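> Take a look at upload-v9.txt, compact mmCIF, C-alpha atoms:
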```
# COMPACT_ATOMS: atom_id res chain seq x y z
CA MET A 1 0.00 0.00 0.00
CA ALA A 2 2.78 2.42 0.93
CA ASP A 3 4.63 1.74 -2.35
CA TRP A 4 1.40 2.28 -4.31
CA LYS A 5 0.79 5.61 -2.62
CA SER A 6 4.38 6.68 -3.23
CA GLY A 7 4.01 5.84 -6.90
CA ILE A 8 0.86 7.92 -7.18
CA ARG A 9 2.61 10.86 -5.53
CA ARG A 10 5.55 10.63 -7.92
CA VAL A 11 3.12 10.90 -10.84
CA LEU A 12 0.79 13.57 -9.45
CA TYR A 13 3.09 15.93 -7.56
CA PRO A 14 5.15 17.14 -10.56
CA ALA A 15 1.95 18.08 -12.41
CA TYR A 16 0.59 19.77 -9.28
CA GLU A 17 3.84 21.71 -8.84
CA ARG A 18 3.82 22.88 -12.46
CA ARG A 19 0.25 24.11 -12.03
CA MET A 20 1.20 25.95 -8.82
CA LEU A 21 4.09 27.65 -10.61
CA ARG A 22 1.89 28.72 -13.51
CA ARG A 23 -0.67 30.20 -11.13
CA MET A 24 1.86 31.80 -8.79
CA PRO A 25 1.38 35.59 -8.66
CA THR A 26 4.18 37.47 -10.37
CA GLU A 27 3.92 40.27 -7.82
CA ASN A 28 4.08 40.20 -4.03
CA LEU A 29 6.68 37.45 -3.92
CA PRO A 30 9.38 37.44 -1.24
CA LYS A 31 12.85 38.66 -2.13
CA HIS A 32 14.52 37.40 1.06
CA ILE A 33 13.53 34.23 2.89
CA GLY A 34 14.96 32.75 6.05
CA VAL A 35 14.77 28.98 6.50
CA MET A 36 15.11 27.10 9.78
CA LEU A 37 16.24 23.66 8.66
CA ASP A 38 14.74 21.80 11.60
CA GLY A 39 14.02 18.14 12.28
CA ASN A 40 17.07 16.24 11.03
CA ARG A 41 17.49 14.25 14.25
CA ARG A 42 13.81 13.41 14.57
CA TRP A 43 13.72 12.36 10.92
CA ALA A 44 16.67 10.03 11.52
CA LYS A 45 14.95 8.49 14.54
CA ALA A 46 11.73 8.01 12.57
CA VAL A 47 13.54 6.09 9.81
CA GLY A 48 15.66 4.08 12.24
CA ALA A 49 18.97 5.71 11.36
CA ASP A 50 21.66 7.44 13.38
CA THR A 51 21.81 11.19 13.90
CA ALA A 52 24.62 11.74 11.40
CA HIS A 53 22.47 10.14 8.69
CA GLY A 54 19.74 12.67 9.45
CA HIS A 55 22.16 15.57 9.17
CA ARG A 56 23.50 14.26 5.85
CA ALA A 57 19.95 13.89 4.51
CA GLY A 58 19.25 17.46 5.58
CA ALA A 59 22.43 18.75 3.93
CA ALA A 60 21.46 17.02 0.69
CA ASN A 61 18.21 19.02 0.59
CA ILE A 62 19.93 22.43 0.57
CA GLU A 63 20.91 22.56 -3.09
CA PRO A 64 17.39 21.65 -4.27
CA LEU A 65 15.97 24.40 -2.04
CA LEU A 66 18.23 27.01 -3.62
CA GLY A 67 17.17 25.83 -7.05
CA TRP A 68 13.51 26.31 -6.08
CA CYS A 69 14.37 29.79 -4.84
CA GLU A 70 15.89 30.61 -8.23
CA GLU A 71 12.67 29.53 -9.93
CA VAL A 72 10.59 32.18 -8.16
CA GLY A 73 13.14 34.99 -8.22
CA ILE A 74 14.28 35.08 -4.60
CA GLU A 75 17.41 37.20 -4.19
CA HIS A 76 18.51 36.50 -0.59
CA VAL A 77 18.28 33.29 1.45
CA THR A 78 19.36 32.81 5.06
CA LEU A 79 19.87 29.18 6.09
CA TRP A 80 20.15 28.37 9.80
CA LEU A 81 22.40 25.33 9.95
CA LEU A 82 23.75 25.51 13.50
CA SER A 83 22.81 27.65 16.49
CA THR A 84 25.01 28.82 19.32
CA ASP A 85 22.98 26.49 21.58
CA ASN A 86 23.82 23.57 19.26
CA LEU A 87 27.51 24.10 20.06
CA ASN A 88 26.77 22.61 23.49
CA ARG A 89 25.86 19.22 22.02
CA PRO A 90 28.09 16.25 22.89
CA ALA A 91 31.28 16.08 20.87
CA ALA A 92 30.23 12.70 19.49
CA GLU A 93 27.38 14.45 17.64
CA LEU A 94 28.83 17.92 17.14
CA THR A 95 32.09 16.91 15.47
CA PRO A 96 30.44 14.87 12.68
CA LEU A 97 27.80 17.60 12.26
CA LEU A 98 30.44 20.27 11.74
CA GLY A 99 32.11 18.03 9.16
CA ILE A 100 28.81 17.59 7.32
CA ILE A 101 28.27 21.36 7.32
CA GLU A 102 31.78 21.95 5.99
CA GLU A 103 31.19 19.47 3.16
CA ALA A 104 27.78 20.94 2.33
CA VAL A 105 29.11 24.50 2.18
CA ALA A 106 32.08 23.44 0.06
CA SER A 107 29.69 21.70 -2.32
CA LEU A 108 27.58 24.86 -2.62
CA ALA A 109 30.72 26.88 -3.35
CA ASP A 110 31.83 24.40 -6.03
CA GLU A 111 28.55 24.94 -7.88
CA GLN A 112 29.47 28.61 -8.46
CA ARG A 113 25.75 29.47 -8.65
CA TRP A 114 25.28 31.28 -5.34
CA ARG A 115 27.23 33.89 -3.39
CA LEU A 116 27.86 32.53 0.10
CA HIS A 117 28.08 34.72 3.17
CA PRO A 118 28.76 33.17 6.61
CA VAL A 119 26.80 34.74 9.44
CA GLY A 120 27.31 33.85 13.07
CA ALA A 121 29.89 33.98 15.81
CA LEU A 122 32.70 32.37 13.84
CA ASP A 123 35.02 32.83 16.81
CA LEU A 124 32.98 30.21 18.69
CA LEU A 125 33.59 27.60 15.99
CA PRO A 126 36.63 25.35 15.61
CA GLN A 127 39.22 27.23 13.58
CA ALA A 128 39.11 24.71 10.74
CA THR A 129 35.34 25.14 10.36
CA ALA A 130 35.56 28.93 10.44
CA GLU A 131 38.31 28.93 7.84
CA LYS A 132 36.32 26.70 5.49
CA LEU A 133 33.29 28.99 5.76
CA LYS A 134 35.46 32.00 4.98
CA ALA A 135 37.05 30.14 2.05
CA ALA A 136 33.61 29.38 0.59
CA ALA A 137 32.70 33.05 0.86
CA GLU A 138 35.91 34.09 -0.88
CA ALA A 139 35.46 31.49 -3.62
CA THR A 140 31.97 32.82 -4.46
CA ARG A 141 32.45 36.55 -3.86
CA ASP A 142 32.07 37.40 -7.57
CA VAL A 143 29.21 35.00 -8.33
CA ASP A 144 26.15 36.75 -9.74
CA GLY A 145 23.48 34.66 -8.05
CA ILE A 146 21.37 34.44 -4.93
CA LEU A 147 23.13 35.74 -1.83
CA VAL A 148 23.01 32.85 0.63
CA ASN A 149 23.67 33.61 4.28
CA ILE A 150 25.09 30.50 5.95
CA ALA A 151 24.12 30.81 9.62
CA VAL A 152 26.52 28.60 11.59
CA GLY A 153 27.20 29.27 15.26
CA TYR A 154 24.34 31.72 14.97
CA GLY A 155 22.11 33.11 17.73
CA GLY A 156 19.92 36.18 17.51
CA ARG A 157 20.86 37.49 20.93
CA ARG A 158 24.55 36.95 20.22
CA GLU A 159 24.19 38.82 16.91
CA ILE A 160 22.66 41.86 18.62
CA ALA A 161 25.31 41.80 21.34
CA ASP A 162 28.05 41.57 18.68
CA ALA A 163 26.47 44.47 16.78
CA VAL A 164 26.41 46.68 19.85
CA ARG A 165 29.98 45.71 20.72
CA SER A 166 31.14 46.53 17.19
CA LEU A 167 29.32 49.85 17.27
CA LEU A 168 30.92 50.83 20.57
CA GLN A 169 34.38 49.87 19.34
CA GLU A 170 33.91 51.81 16.11
CA GLN A 171 32.77 54.98 17.85
CA ALA A 172 35.46 54.71 20.53
CA SER A 173 38.10 54.56 17.78
CA LYS A 174 36.72 57.88 16.54
CA GLY A 175 37.04 59.44 20.00
CA MET A 176 33.33 59.48 20.82
CA THR A 177 32.43 59.02 24.48
CA LEU A 178 29.65 56.76 25.75
CA GLU A 179 27.67 59.82 26.77
CA GLU A 180 27.95 61.29 23.28
CA LEU A 181 26.95 58.00 21.67
CA ALA A 182 23.95 57.65 23.97
CA GLU A 183 22.68 60.99 22.70
CA VAL A 184 22.61 59.96 19.04
CA ILE A 185 22.32 56.17 18.85
CA ASP A 186 19.28 54.80 17.02
CA VAL A 187 18.15 51.51 15.48
CA GLU A 188 19.95 52.19 12.21
CA HIS A 189 23.29 52.43 14.00
CA ILE A 190 22.78 48.89 15.36
CA ALA A 191 21.39 47.56 12.06
CA ASP A 192 24.55 48.74 10.32
CA HIS A 193 26.58 46.34 12.50
CA LEU A 194 24.46 43.19 12.19
CA TYR A 195 25.80 40.11 10.41
CA THR A 196 23.35 40.87 7.57
CA ARG A 197 24.12 44.59 7.31
CA GLY A 198 23.33 46.05 3.93
CA GLN A 199 20.78 43.35 3.15
CA PRO A 200 16.98 43.65 3.15
CA ASP A 201 15.22 42.08 6.10
CA PRO A 202 13.56 38.72 5.40
CA ASP A 203 10.07 38.91 3.97
CA LEU A 204 9.30 35.31 4.88
CA VAL A 205 10.67 32.92 7.50
CA ILE A 206 10.00 29.19 7.04
CA ARG A 207 10.44 26.64 9.81
CA THR A 208 10.13 22.91 9.22
CA SER A 209 9.37 20.04 11.65
CA GLY A 210 6.12 21.46 13.07
CA GLU A 211 7.78 23.68 15.68
CA GLN A 212 6.14 27.12 15.88
CA ARG A 213 8.77 29.33 17.48
CA LEU A 214 11.70 31.45 16.36
CA GLY A 215 14.27 30.01 18.74
CA GLY A 216 16.45 33.09 18.30
CA PHE A 217 16.53 33.17 14.49
CA LEU A 218 16.95 36.66 12.99
CA LEU A 219 15.46 38.31 16.06
CA TRP A 220 16.24 41.83 14.91
CA GLN A 221 15.56 41.37 11.20
CA SER A 222 12.26 39.47 11.46
CA THR A 223 10.25 42.28 13.09
CA HIS A 224 7.98 42.58 10.06
CA SER A 225 8.51 39.14 8.54
CA GLU A 226 5.73 36.73 7.69
CA PHE A 227 6.08 33.22 9.12
CA TYR A 228 5.25 29.83 7.64
CA PHE A 229 5.44 26.64 9.71
CA CYS A 230 5.60 23.30 7.91
CA GLU A 231 4.98 19.93 9.55
CA ALA A 232 7.56 18.07 7.43
CA TYR A 233 10.97 17.39 8.90
CA TRP A 234 13.66 19.19 6.93
CA PRO A 235 14.96 16.12 4.99
CA ASP A 236 11.37 15.53 3.80
CA PHE A 237 10.74 19.17 2.80
CA ARG A 238 9.76 19.05 -0.86
CA ARG A 239 9.37 21.48 -3.73
CA VAL A 240 5.61 21.35 -3.26
CA ASP A 241 6.03 22.37 0.41
CA PHE A 242 8.20 25.28 -0.66
CA LEU A 243 5.72 26.43 -3.30
CA ARG A 244 2.90 26.26 -0.77
CA ALA A 245 4.90 28.51 1.57
CA ILE A 246 5.52 31.02 -1.23
CA ARG A 247 1.86 30.93 -2.27
CA ALA A 248 0.72 31.47 1.32
CA TYR A 249 3.02 34.48 1.58
CA ALA A 250 1.78 35.94 -1.72
CA GLN A 251 -1.82 35.71 -0.51
CA ARG A 252 -1.19 37.63 2.71
CA GLU A 253 -1.66 41.34 3.15
CA ARG A 254 1.43 42.67 4.90
CA ARG A 255 0.73 45.46 7.37
CA PHE A 256 4.23 46.20 8.73
CA GLY A 257 2.75 46.91 12.17
CA SER A 258 0.09 49.33 10.94
```
Can you give me the file's structure in the form of structure tokens?


Amino acid sequence: MADWKSGIRRVLYPAYERRMLRRMPTENLPKHIGVMLDGNRRWAKAVGADTAHGHRAGAANIEPLLGWCEEVGIEHVTLWLLSTDNLNRPAAELTPLLGIIEEAVASLADEQRWRLHPVGALDLLPQATAEKLKAAAEATRDVDGILVNIAVGYGGRREIADAVRSLLQEQASKGMTLEELAEVIDVEHIADHLYTRGQPDPDLVIRTSGEQRLGGFLLWQSTHSEFYFCEAYWPDFRRVDFLRAIRAYAQRERRFGS
């Protein structure tokens, strides 16, 4: 029965996806999406595999996602691969996970289709991992494609703290006192020191695995974002799930707090 249903899906879903693409509005589409790639470990448990297998399956789904983004004209994508909290996982899980992330990012760089930009507290990562992220960014710096923020060792609170620290250091180097800075500081000063400075804020944030919380993802930038929560674990997230998220966004009326 399961094989029969899978066969039907393989026949029907491509036609359904093509119809969704044809009917997708050409206006009111997101230009920047953030994706929380959640559920790798639970997916692995559900299929009777080890955690590393789940992370590899999740990594394999990144390139297809970026291809789907190209189809609908998305210009910026932020992928949350590893949080600052995740760095506290046991070494037996964390070390293989970091290796999988390094391989996935290197593979993305080799494609030369997307411009990669690491975001996160790289100083918290093993030096080898940080260097490979920087190397991927350098290798793709001139690529004319989607700008892909690779969030590794990322936490929203840490990002804001780093932005404030950077702002203070910058102004101190110019001879400005704390009292003088306090008189003029505004939200734009902090925004100019975020990991994503110079980029538009995300229009849409997608989280897989059925969890309905931010967990610290893009805390500053997501003030006016729309959110879409998908029940599928990340390795099972399909093109049809992505198109449904984009369609749901296109059908919403954004109010930006008004």

> Atom CA of A:Asp201 to atom CA of A:Arg115: how many Å, to one decimal?

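Here the two named atoms are 17.4 Å from each other.
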
> Of the candidates A:His32, A:Lys174, A:Arg157, A:Arg244, which one gets nearest to A:Gly73 if we count only C-alpha atoms?

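Looking only at the distances to A:Gly73, the closest residue turns out to be A:His32.
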
> Could the centre and edge lengths of an axis-aligned box, enclosing all atoms of stretch 83-99 of chain A in the file with 4 Å extra on each side, be given in Å to one decimal as lines of an AutoDock Vina configuration file?


```
center_x = 27.5
center_y = 20.8
center_z = 16.3
size_x = 17.3
size_y = 24.1
size_z = 22.3
```

> Atom CA of A:Val148 to atom CA of A:Arg247: how many Å, to one decimal?

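Answer for the atom CA of A:Val148 to atom CA of A:Arg247 separation: 21.4 Å.
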
> Could you state the separation of atom CA of A:Ala163 and atom CA of A:Val77 in Å, given to one decimal place?

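One can read the atom CA of A:Ala163 to atom CA of A:Val77 distance as 20.7 Å.
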
> Considering only C-alpha atoms, can you say which of A:Ile246, A:Leu167, A:Ala136, A:Ala59 comes closest to A:Asn149?

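That would be A:Ala136, the residue with the smallest distance to A:Asn149.
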
> Counting only C-alpha atoms, which residue out of A:Asp85, A:Glu93, A:Gly216, A:Ile74 sits closest to A:Leu29?

A:Ile74

> Write out as a PyMOL selection string each polymer residue whose atoms come within 12 Å of A:Ile185, counting all atoms listed in the file; drop sequence neighbours fewer than 4 positions from it.

chain A and resi 164+167-168+171+176-181+189-192

> Could you list, as a list in words, every residue within 12 Å of A:Ala161, counting only C-alpha atoms and ignoring same-chain residues fewer than 4 positions away?

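That gives Gly120, Ala121, Tyr154, Gly155, Gly156, Arg157, Arg165, Ser166, Leu167, Leu168, Ile190, Ala191, His193, Leu194, Tyr195, Leu219 and Trp220 of chain A.
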
> Restricted to C-alpha atoms, what would the selected residues look like written as a short mmCIF file (atom, residue, chain, number, x, y, z; two decimals), in the frame of the given file?


```cif
data_model
loop_
_atom_site.label_atom_id
_atom_site.label_comp_id
_atom_site.auth_asym_id
_atom_site.auth_seq_id
_atom_site.Cartn_x
_atom_site.Cartn_y
_atom_site.Cartn_z
CA GLY A 120 27.31 33.85 13.07
CA ALA A 121 29.89 33.98 15.81
CA TYR A 154 24.34 31.72 14.97
CA GLY A 155 22.11 33.11 17.73
CA GLY A 156 19.92 36.18 17.51
CA ARG A 157 20.86 37.49 20.93
CA ARG A 165 29.98 45.71 20.72
CA SER A 166 31.14 46.53 17.19
CA LEU A 167 29.32 49.85 17.27
CA LEU A 168 30.92 50.83 20.57
CA ILE A 190 22.78 48.89 15.36
CA ALA A 191 21.39 47.56 12.06
CA HIS A 193 26.58 46.34 12.50
CA LEU A 194 24.46 43.19 12.19
CA TYR A 195 25.80 40.11 10.41
CA LEU A 219 15.46 38.31 16.06
CA TRP A 220 16.24 41.83 14.91
#
```

> Of the candidates A:His224, A:Arg19, A:Arg42, A:His53, which shows the shortest atom-to-atom distance to A:Pro96, using all atoms listed in the file?

A:His53

> Compute the distance from (25.6, 22.5, 5.0) to each atom, counting only C-alpha atoms, keep the residues with any atom at most 8 Å away, and return them as a list of chain:residue names; use the coordinates of the file.

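Those residues lying close to the given coordinates are A:Ala59, A:Ile62, A:Leu81, A:Ile100, A:Ile101, A:Glu102, A:Glu103, A:Ala104, A:Val105.
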
> Name all residues at most 8 Å from A:Ala151 (count all atoms listed in the file; drop same-chain ones fewer than 4 positions away) and give them as a list of chain:residue names.

A:Thr78, A:Leu79, A:Trp80, A:Leu81, A:Leu82, A:Ser83, A:Pro118, A:Val119, A:Gly120

> Can you write out the residues you just picked, keeping C-alpha atoms, as a PDB file, in the coordinates of the input?


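As written to disk, out.pdb reads:
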```pdb
ATOM      1  CA  THR A  78      19.360  32.810   5.060  1.00  0.00           C
ATOM      2  CA  LEU A  79      19.870  29.180   6.090  1.00  0.00           C
ATOM      3  CA  TRP A  80      20.150  28.370   9.800  1.00  0.00           C
ATOM      4  CA  LEU A  81      22.400  25.330   9.950  1.00  0.00           C
ATOM      5  CA  LEU A  82      23.750  25.510  13.500  1.00  0.00           C
ATOM      6  CA  SER A  83      22.810  27.650  16.490  1.00  0.00           C
ATOM      7  CA  PRO A 118      28.760  33.170   6.610  1.00  0.00           C
ATOM      8  CA  VAL A 119      26.800  34.740   9.440  1.00  0.00           C
ATOM      9  CA  GLY A 120      27.310  33.850  13.070  1.00  0.00           C
TER      10      GLY A 120
END
```

> I need the residue nearest A:Leu125 from this list: A:Leu94, A:Met20, A:Ala57, A:Ala49. Use only C-alpha atoms for the distance.

A:Leu94

> Taking (10.4, 36.8, -0.2) in the file's coordinates as the center, which residues reach within 10 Å of it, counting only C-alpha atoms, put as a compact mmCIF listing (two decimals) with C-alpha atoms, in the coordinates of the input?


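Written output follows (result.txt):
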```
# COMPACT_ATOMS: atom_id res chain seq x y z
CA ASN A 28 4.08 40.20 -4.03
CA LEU A 29 6.68 37.45 -3.92
CA PRO A 30 9.38 37.44 -1.24
CA LYS A 31 12.85 38.66 -2.13
CA HIS A 32 14.52 37.40 1.06
CA ILE A 33 13.53 34.23 2.89
CA GLY A 34 14.96 32.75 6.05
CA CYS A 69 14.37 29.79 -4.84
CA VAL A 72 10.59 32.18 -8.16
CA GLY A 73 13.14 34.99 -8.22
CA ILE A 74 14.28 35.08 -4.60
CA GLU A 75 17.41 37.20 -4.19
CA HIS A 76 18.51 36.50 -0.59
CA VAL A 77 18.28 33.29 1.45
CA ASP A 201 15.22 42.08 6.10
CA PRO A 202 13.56 38.72 5.40
CA ASP A 203 10.07 38.91 3.97
CA LEU A 204 9.30 35.31 4.88
CA VAL A 205 10.67 32.92 7.50
CA SER A 225 8.51 39.14 8.54
CA GLU A 226 5.73 36.73 7.69
CA ILE A 246 5.52 31.02 -1.23
CA TYR A 249 3.02 34.48 1.58
CA ALA A 250 1.78 35.94 -1.72
```
